[in-house]
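Content type PDB, C-alpha atoms and all ligand atoms, from the file start_29.pdb:
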ATOM      1  CA  MET A  23      89.477 133.485  94.844
ATOM      2  CA  GLU A  24      87.020 131.950  92.368
ATOM      3  CA  VAL A  25      87.730 128.409  91.196
ATOM      4  CA  ILE A  26      88.864 128.301  87.589
ATOM      5  CA  GLU A  27      86.789 125.646  85.824
ATOM      6  CA  LEU A  28      87.996 124.978  82.291
ATOM      7  CA  LYS A  29      85.149 125.075  79.828
ATOM      8  CA  HIS A  30      85.697 123.792  76.307
ATOM      9  CA  PRO A  31      83.817 121.322  74.095
ATOM     10  CA  LEU A  32      86.903 119.110  73.828
ATOM     11  CA  ILE A  33      87.249 119.027  77.609
ATOM     12  CA  SER A  34      83.562 118.094  77.984
ATOM     13  CA  HIS A  35      84.089 115.356  75.397
ATOM     14  CA  LYS A  36      87.122 113.921  77.212
ATOM     15  CA  LEU A  37      85.361 114.136  80.573
ATOM     16  CA  ALA A  38      82.398 112.172  79.226
ATOM     17  CA  ILE A  39      84.746 109.331  78.216
ATOM     18  CA  LEU A  40      86.583 109.538  81.553
ATOM     19  CA  ARG A  41      83.395 109.271  83.617
ATOM     20  CA  ASP A  42      82.096 106.278  81.653
ATOM     21  CA  LYS A  43      82.595 103.134  83.732
ATOM     22  CA  ARG A  44      83.336 101.134  80.566
ATOM     23  CA  THR A  45      86.470 103.201  79.813
ATOM     24  CA  GLY A  46      89.540 101.014  80.348
ATOM     25  CA  THR A  47      92.807 101.812  82.127
ATOM     26  CA  LYS A  48      94.788 102.790  79.012
ATOM     27  CA  GLU A  49      92.280 105.357  77.765
ATOM     28  CA  PHE A  50      91.562 106.578  81.295
ATOM     29  CA  ARG A  51      95.265 107.297  81.887
ATOM     30  CA  GLU A  52      95.655 109.005  78.516
ATOM     31  CA  ILE A  53      92.716 111.324  79.159
ATOM     32  CA  ILE A  54      93.866 112.198  82.694
ATOM     33  CA  SER A  55      97.194 113.136  81.156
ATOM     34  CA  GLU A  56      95.637 115.214  78.351
ATOM     35  CA  LEU A  57      93.322 117.098  80.705
ATOM     36  CA  SER A  58      96.288 117.748  83.000
ATOM     37  CA  SER A  59      98.179 119.395  80.141
ATOM     38  CA  PHE A  60      95.188 121.702  79.549
ATOM     39  CA  LEU A  61      95.109 122.533  83.277
ATOM     40  CA  CYS A  62      98.825 123.296  83.162
ATOM     41  CA  TYR A  63      98.333 125.765  80.298
ATOM     42  CA  GLU A  64      95.661 127.559  82.298
ATOM     43  CA  ALA A  65      97.644 127.545  85.542
ATOM     44  CA  LEU A  66     100.586 129.143  83.751
ATOM     45  CA  ARG A  67      98.542 131.924  82.235
ATOM     46  CA  ASP A  68     100.102 134.387  84.702
ATOM     47  CA  ALA A  69     103.668 133.053  84.262
ATOM     48  CA  LYS A  70     106.401 135.656  84.041
ATOM     49  CA  THR A  71     108.345 135.573  80.819
ATOM     50  CA  LYS A  72     111.743 136.922  79.869
ATOM     51  CA  GLU A  73     112.648 138.336  76.518
ATOM     52  CA  VAL A  74     115.246 136.337  74.600
ATOM     53  CA  GLU A  75     116.865 136.810  71.254
ATOM     54  CA  ILE A  76     116.493 133.931  68.808
ATOM     55  CA  GLU A  77     117.709 133.179  65.337
ATOM     56  CA  THR A  78     115.087 131.579  63.141
ATOM     57  CA  PRO A  79     116.236 129.972  59.864
ATOM     58  CA  ILE A  80     115.198 133.282  58.248
ATOM     59  CA  THR A  81     116.157 136.098  60.602
ATOM     60  CA  THR A  82     116.815 137.238  64.147
ATOM     61  CA  THR A  83     113.815 137.946  66.357
ATOM     62  CA  LYS A  84     112.755 138.242  69.970
ATOM     63  CA  GLY A  85     110.849 135.589  71.920
ATOM     64  CA  GLN A  86     109.424 135.255  75.425
ATOM     65  CA  MET A  87     110.464 132.377  77.671
ATOM     66  CA  ILE A  88     109.397 131.019  81.059
ATOM     67  CA  ASN A  89     112.004 129.989  83.612
ATOM     68  CA  GLU A  90     110.780 126.411  84.159
ATOM     69  CA  ASP A  91     113.108 126.090  87.115
ATOM     70  CA  ASN A  92     110.825 128.440  89.059
ATOM     71  CA  TYR A  93     108.129 125.746  89.204
ATOM     72  CA  ALA A  94     107.626 122.641  91.309
ATOM     73  CA  PHE A  95     104.955 120.055  90.510
ATOM     74  CA  VAL A  96     103.818 118.100  93.540
ATOM     75  CA  PRO A  97     101.477 115.158  92.890
ATOM     76  CA  ILE A  98      99.608 113.653  95.822
ATOM     77  CA  LEU A  99     100.236 109.901  95.640
ATOM     78  CA  ARG A 100      98.932 107.830  94.263
ATOM     79  CA  ALA A 101      96.354 109.241  91.847
ATOM     80  CA  GLY A 102      98.165 112.592  91.430
ATOM     81  CA  THR A 103     101.046 110.846  89.668
ATOM     82  CA  GLY A 104      98.593 110.044  86.865
ATOM     83  CA  MET A 105      98.485 113.792  86.152
ATOM     84  CA  LEU A 106     102.235 114.314  86.270
ATOM     85  CA  ASP A 107     103.208 113.245  82.755
ATOM     86  CA  GLY A 108     100.634 115.679  81.303
ATOM     87  CA  LEU A 109     102.470 118.507  83.035
ATOM     88  CA  ILE A 110     105.977 117.268  82.307
ATOM     89  CA  LYS A 111     105.057 117.066  78.636
ATOM     90  CA  VAL A 112     104.559 120.826  78.536
ATOM     91  CA  MET A 113     107.086 121.861  81.247
ATOM     92  CA  PRO A 114     109.823 119.220  81.174
ATOM     93  CA  ASN A 115     112.259 121.118  83.374
ATOM     94  CA  ALA A 116     110.060 121.824  86.397
ATOM     95  CA  LYS A 117     111.172 120.281  89.688
ATOM     96  CA  ILE A 118     109.042 117.500  91.131
ATOM     97  CA  GLY A 119     108.063 116.675  94.707
ATOM     98  CA  HIS A 120     105.845 113.885  96.057
ATOM     99  CA  ILE A 121     103.373 113.747  98.905
ATOM    100  CA  GLY A 122     102.133 110.263  99.787
ATOM    101  CA  MET A 123      98.651 110.237 101.263
ATOM    102  CA  TYR A 124      95.552 108.086 101.352
ATOM    103  CA  ARG A 125      92.106 108.594 102.856
ATOM    104  CA  ASN A 126      91.112 106.458 105.793
ATOM    105  CA  GLU A 127      87.998 104.935 104.246
ATOM    106  CA  GLU A 128      85.990 105.182 107.475
ATOM    107  CA  THR A 129      86.917 108.607 108.815
ATOM    108  CA  LEU A 130      87.863 110.050 105.368
ATOM    109  CA  ASP A 131      90.840 111.698 107.132
ATOM    110  CA  PRO A 132      94.066 111.849 105.108
ATOM    111  CA  VAL A 133      96.941 109.643 106.279
ATOM    112  CA  ARG A 134     100.370 110.850 105.169
ATOM    113  CA  TYR A 135     103.110 108.275 104.475
ATOM    114  CA  TYR A 136     105.668 110.128 102.326
ATOM    115  CA  TYR A 137     106.912 113.690 101.873
ATOM    116  CA  LYS A 138     109.766 114.758  99.611
ATOM    117  CA  ILE A 139     109.878 118.144  97.977
ATOM    118  CA  PRO A 140     112.540 120.004  95.953
ATOM    119  CA  ASN A 141     115.052 122.300  97.643
ATOM    120  CA  GLY A 142     114.340 126.011  97.584
ATOM    121  CA  ILE A 143     110.564 125.489  97.649
ATOM    122  CA  GLU A 144     110.099 128.999  99.090
ATOM    123  CA  ASP A 145     111.283 130.507  95.802
ATOM    124  CA  ARG A 146     109.243 128.314  93.471
ATOM    125  CA  GLU A 147     105.621 128.368  92.426
ATOM    126  CA  VAL A 148     104.199 125.075  93.668
ATOM    127  CA  ILE A 149     101.555 123.281  91.625
ATOM    128  CA  VAL A 150      99.805 120.515  93.573
ATOM    129  CA  LEU A 151      98.212 117.718  91.531
ATOM    130  CA  ASP A 152      95.371 115.448  92.557
ATOM    131  CA  PRO A 153      92.612 114.365  90.154
ATOM    132  CA  MET A 154      89.907 114.354  92.845
ATOM    133  CA  LEU A 155      89.083 117.137  95.299
ATOM    134  CA  ALA A 156      86.393 115.474  97.430
ATOM    135  CA  THR A 157      86.158 116.455 101.126
ATOM    136  CA  GLY A 158      89.324 118.533 100.650
ATOM    137  CA  GLY A 159      91.125 116.729 103.509
ATOM    138  CA  SER A 160      94.046 115.495 101.381
ATOM    139  CA  GLY A 161      94.473 118.824  99.592
ATOM    140  CA  ILE A 162      94.394 120.824 102.833
ATOM    141  CA  ASP A 163      96.928 118.548 104.513
ATOM    142  CA  ALA A 164      99.234 118.739 101.474
ATOM    143  CA  ILE A 165      98.974 122.546 101.348
ATOM    144  CA  ASN A 166      99.581 122.807 105.124
ATOM    145  CA  SER A 167     102.789 120.790 104.789
ATOM    146  CA  LEU A 168     103.986 122.775 101.784
ATOM    147  CA  LYS A 169     103.383 126.058 103.599
ATOM    148  CA  GLN A 170     105.229 124.723 106.656
ATOM    149  CA  SER A 171     108.129 123.948 104.309
ATOM    150  CA  GLY A 172     108.097 127.585 103.178
ATOM    151  CA  ALA A 173     106.037 127.496  99.966
ATOM    152  CA  LYS A 174     104.463 130.893  99.345
ATOM    153  CA  LYS A 175     102.674 130.570  96.035
ATOM    154  CA  ILE A 176     100.592 127.415  95.637
ATOM    155  CA  LYS A 177      98.073 126.359  92.999
ATOM    156  CA  PHE A 178      95.897 123.255  93.154
ATOM    157  CA  LEU A 179      95.057 121.371  89.954
ATOM    158  CA  CYS A 180      92.388 118.682  89.857
ATOM    159  CA  ILE A 181      90.232 117.021  87.256
ATOM    160  CA  ILE A 182      87.000 116.946  89.285
ATOM    161  CA  ALA A 183      86.141 119.034  92.327
ATOM    162  CA  ALA A 184      83.215 118.693  94.732
ATOM    163  CA  PRO A 185      81.652 121.909  96.082
ATOM    164  CA  GLU A 186      82.297 120.661  99.655
ATOM    165  CA  GLY A 187      86.060 120.292  99.065
ATOM    166  CA  ILE A 188      86.317 123.613  97.234
ATOM    167  CA  LYS A 189      84.613 125.385 100.144
ATOM    168  CA  ARG A 190      86.960 123.820 102.721
ATOM    169  CA  ILE A 191      90.122 124.702 100.806
ATOM    170  CA  GLN A 192      88.887 128.222 100.182
ATOM    171  CA  GLU A 193      88.115 128.712 103.887
ATOM    172  CA  ILE A 194      91.465 127.426 105.119
ATOM    173  CA  HIS A 195      93.722 128.473 102.231
ATOM    174  CA  PRO A 196      92.051 131.429 100.489
ATOM    175  CA  ASP A 197      95.347 132.270  98.778
ATOM    176  CA  VAL A 198      95.446 128.984  96.836
ATOM    177  CA  GLN A 199      93.971 129.135  93.353
ATOM    178  CA  ILE A 200      92.066 125.978  92.402
ATOM    179  CA  TYR A 201      91.823 124.843  88.772
ATOM    180  CA  CYS A 202      89.586 122.003  87.630
ATOM    181  CA  THR A 203      87.879 120.659  84.520
ATOM    182  CA  SER A 204      84.572 120.126  86.322
ATOM    183  CA  ILE A 205      82.805 121.211  89.481
ATOM    184  CA  ASP A 206      80.484 118.305  90.179
ATOM    185  CA  GLU A 207      77.245 118.167  92.116
ATOM    186  CA  LYS A 208      78.090 116.846  95.587
ATOM    187  CA  LEU A 209      79.669 114.115  97.709
ATOM    188  CA  ASN A 210      77.750 110.952  98.490
ATOM    189  CA  ASP A 211      77.538 109.560 102.022
ATOM    190  CA  ILE A 212      80.805 107.625 101.653
ATOM    191  CA  GLY A 213      82.746 110.650 100.425
ATOM    192  CA  TYR A 214      82.717 109.915  96.690
ATOM    193  CA  ILE A 215      82.087 112.661  94.173
ATOM    194  CA  VAL A 216      78.706 112.530  92.367
ATOM    195  CA  PRO A 217      78.537 112.004  89.433
ATOM    196  CA  GLY A 218      82.356 111.807  89.540
ATOM    197  CA  LEU A 219      84.316 109.021  87.910
ATOM    198  CA  GLY A 220      84.714 106.539  90.760
ATOM    199  CA  ASP A 221      88.049 105.876  92.438
ATOM    200  CA  ALA A 222      90.641 107.737  90.386
ATOM    201  CA  GLY A 223      93.637 105.805  91.769
ATOM    202  CA  ASP A 224      92.052 102.434  91.049
ATOM    203  CA  ARG A 225      91.075 103.471  87.535
ATOM    204  CA  ILE A 226      94.523 104.921  86.724
ATOM    205  CA  PHE A 227      96.426 101.932  88.074
ATOM    206  CA  GLY A 228      93.882  99.209  87.315
ATOM    207  CA  THR A 229      93.878  98.007  90.908
ATOM    208  CA  LYS A 230      90.182  97.053  91.081
TER     209      LYS A 230
HETATM  210  C1  LIG B   1      91.811 110.015  96.535
HETATM  211  C2  LIG B   1      92.217 111.169  95.641
HETATM  212  C3  LIG B   1      92.580 112.228  96.643
HETATM  213  C4  LIG B   1      91.623 111.974  97.756
HETATM  214  C5  LIG B   1      90.543 113.007  97.669
HETATM  215  O1  LIG B   1      92.915 109.366  97.014
HETATM  216  O2  LIG B   1      93.239 110.875  94.762
HETATM  217  O3  LIG B   1      93.912 112.152  97.087
HETATM  218  O4  LIG B   1      91.076 110.663  97.557
HETATM  219  O5  LIG B   1      89.689 112.920  98.727
HETATM  220  P1  LIG B   1      89.568 114.046  99.835
HETATM  221  O6  LIG B   1      89.448 115.348  99.122
HETATM  222  O7  LIG B   1      88.307 113.640 100.549
HETATM  223  O8  LIG B   1      90.775 113.966 100.728
HETATM  224  P2  LIG B   1      92.837 107.968  97.775
HETATM  225  O9  LIG B   1      92.719 108.164  99.247
HETATM  226  O10 LIG B   1      91.769 107.112  97.151
HETATM  227  O11 LIG B   1      94.271 107.360  97.553
HETATM  228  P3  LIG B   1      94.978 106.849  96.198
HETATM  229  O12 LIG B   1      95.339 108.074  95.399
HETATM  230  O13 LIG B   1      96.172 106.146  96.729
HETATM  231  O14 LIG B   1      94.021 105.957  95.468
HETATM  232  N1  LIG B   2      88.669 109.929  95.646
HETATM  233  C1  LIG B   2      88.366 109.355  94.461
HETATM  234  O1  LIG B   2      89.222 108.710  93.837
HETATM  235  N2  LIG B   2      87.122 109.511  93.974
HETATM  236  C2  LIG B   2      86.175 110.209  94.612
HETATM  237  O2  LIG B   2      85.050 110.317  94.096
HETATM  238  C3  LIG B   2      86.503 110.779  95.850
HETATM  239  C4  LIG B   2      87.766 110.641  96.334
END
Using structure tokens, write down the structure that the file contains.
Ligand code: PRP
Ligand code: URA
Amino acid sequence: MEVIELKHPLISHKLAILRDKRTGTKEFREIISELSSFLCYEALRDAKTKEVEIETPITTTKGQMINEDNYAFVPILRAGTGMLDGLIKVMPNAKIGHIGMYRNEETLDPVRYYYKIPNGIEDREVIVLDPMLATGGSGIDAINSLKQSGAKKIKFLCIIAAPEGIKRIQEIHPDVQIYCTSIDEKLNDIGYIVPGLGDAGDRIFGTK
């Protein structure tokens, strides 16, 4: 499955601000949230809709609605939570799970410390959120756990993806559609995305 990379002048504009090291926490968070809403729109392009009858102030008509209950958003802590409000803004009734994970800075292996997902995950479309897809270790571990819990349809939303991480997810989980706003050049020798935006968690939460 090809990665879906959103291409739009407004997205390029927002990304340029996001990457700039002078951008402060407030603006950084706001842009992560905005870009996440755009990613959500794209990820729901194939959503099933049901016809409903509505009364407008003028007349009766038919509309199409999504069953929001069919969806679960699962941010990977901590940085993934920065994307969550952008999705909740457009799909306020989706269920939410959390997977706590951080990268061991030496080995770059993911270390899981929390896992809580909504009931009935096997019947929901699961949308995993993490702004950075670098080596792919965190994403793969999260997807493995979700599949072990019974999830059948999984999508992965990130702001920036490295070719190395994309390749690893595609090899191990070819059924998972990846969406991003940019496919960057490469990883550097300490596992950071180049040009990237630095440490997403630290920039969202102002921890450094
Ligand atoms: C970052 C990011 C991803 C992970 C990506 O998290 O948010 O979860 O690294 O790297 P990978 O693809 O090589 O696994 P980090 O470990 O910095 O934790 P944090 O979200 O708590 O800051
Ligand atoms: N995690 C980040 O926050 N940034 C990177 O560039 C790579 C992993």
### Task
Give as a ChimeraX atom specification every residue, naming chains and numbers as the document does, that has an atom within 12 Å of (106.8, 126.2, 80.4), counting only C-alpha atoms.
/A:59,62-72,86-95,109-117
### Summary
Using all atoms listed in the file, the residue out of A:Gly108, A:Pro79, A:Pro132, A:Pro140 with shortest distance to Gly158 (chain A) is A:Pro132
### Query
For ligand LIG 2 (chain B), which of A:Pro196, A:Gly85, A:Pro185, A:Gly223 is the closest residue, counting only C-alpha atoms and all ligand atoms?
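Closest residue, counting only C-alpha atoms and all ligand atoms: A:Gly223.
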### Query
Hey, what comes out of the PyMOL selection byres (((not hetatm)) within 7 of (chain B and resi 2)) on this file? Could you write it as a list in words?
Met154, Leu155, Ala156, Gly213, Tyr214, Ile215, Val216, Gly218, Leu219, Gly220, Asp221, Ala222 and Gly223 of chain A
### Message
Just the number, please: distance in Å from CA of Thr45 (chain A) to CA of Arg100 (chain A), one decimal.
### Response
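We find that CA of Thr45 (chain A) and CA of Arg100 (chain A) lie 19.6 Å from each other.
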Taking all listed atoms of ligand LIG 1 (chain B), build the axis-aligned box, pad each of the six sides by 8 Å, then write its centre and edge lengths in Å to one decimal as AutoDock Vina command-line options.
--center_x 92.2 --center_y 110.7 --center_z 97.7 --size_x 23.9 --size_y 25.4 --size_z 22.0
### Query
From the list A:Ile98, A:Leu168, A:Ile143, A:Val150, which residue is nearest ligand LIG 1 (chain B) when using all atoms listed in the file?
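Residue with the minimum atom-to-atom distance to ligand LIG 1 (chain B): A:Ile98.
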### Query
Quick one: which residues end up in the PyMOL selection byres (((chain A and resi 182) around 8) and not hetatm) for this structure, as an MDAnalysis selection string?
chainID A and resid 153:155 180:181 183:184 202:206 218
### Task
Compare A:Asp131, A:Asn166, A:Glu207, A:Arg146 by their minimum atom-to-atom distance to ligand LIG 1 (chain B), counting all atoms listed in the file, and give me the closest one.
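Result for the nearest residue to ligand LIG 1 (chain B): A:Asp131.
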### Message
So, with all atoms listed in the file as the atoms that count, which of A:Val133, A:Ala164, A:Leu99, A:Ile188 lies closest to ligand LIG 1 (chain B)?
### Response
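Closest residue, counting all atoms listed in the file: A:Leu99.
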### Task
Carefully work through the PyMOL selection byres (((chain A and resi 212) around 10) and not hetatm) for this structure and note down the residues it includes, as a PyMOL selection string.
chain A and resi 127-130+209-211+213-215
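Shortest separation to Glu193 (chain A) among A:Tyr124, A:Glu49, A:Ile26, A:Ile162 occurs at residue A:Ile162, atoms counted being all atoms listed in the file.
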### Query
What does the distance from CA of Ala38 (chain A) to CA of Arg125 (chain A) come to in Å, to one decimal?
25.8 Å
### Query
Between CA of Val148 (chain A) and CA of Ala173 (chain A), what is the distance, to one decimal in Å?
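About the pair CA of Val148 (chain A) and CA of Ala173 (chain A): they are 7.0 Å apart.
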### Message
Residues near Gly228 (chain A), anyone? I mean within 6 Å using only C-alpha atoms, not counting same-chain ones fewer than 3 positions away, as a ChimeraX atom specification.
### Response
/A:47,224-225
### Message
Excluding Lys36 (chain A) and its own-chain neighbours fewer than 4 positions away, which residues fall within 8 Å of it when counting only C-alpha atoms? Please give them as a ChimeraX atom specification.
### Response
/A:32,40,53,57
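Within the 12 Å cut-off around Tyr137 (chain A), using all atoms listed in the file and omitting residues fewer than 2 positions from it on the same chain, the listed residues are Val96, Pro97, Ile98, Leu99, Ile118, Gly119, His120, Ile121, Gly122, Met123, Val133, Arg134, Tyr135, Ile139, Pro140, Asp163, Ala164, Ile165, Ser167, Leu168 and Ser171 of chain A.
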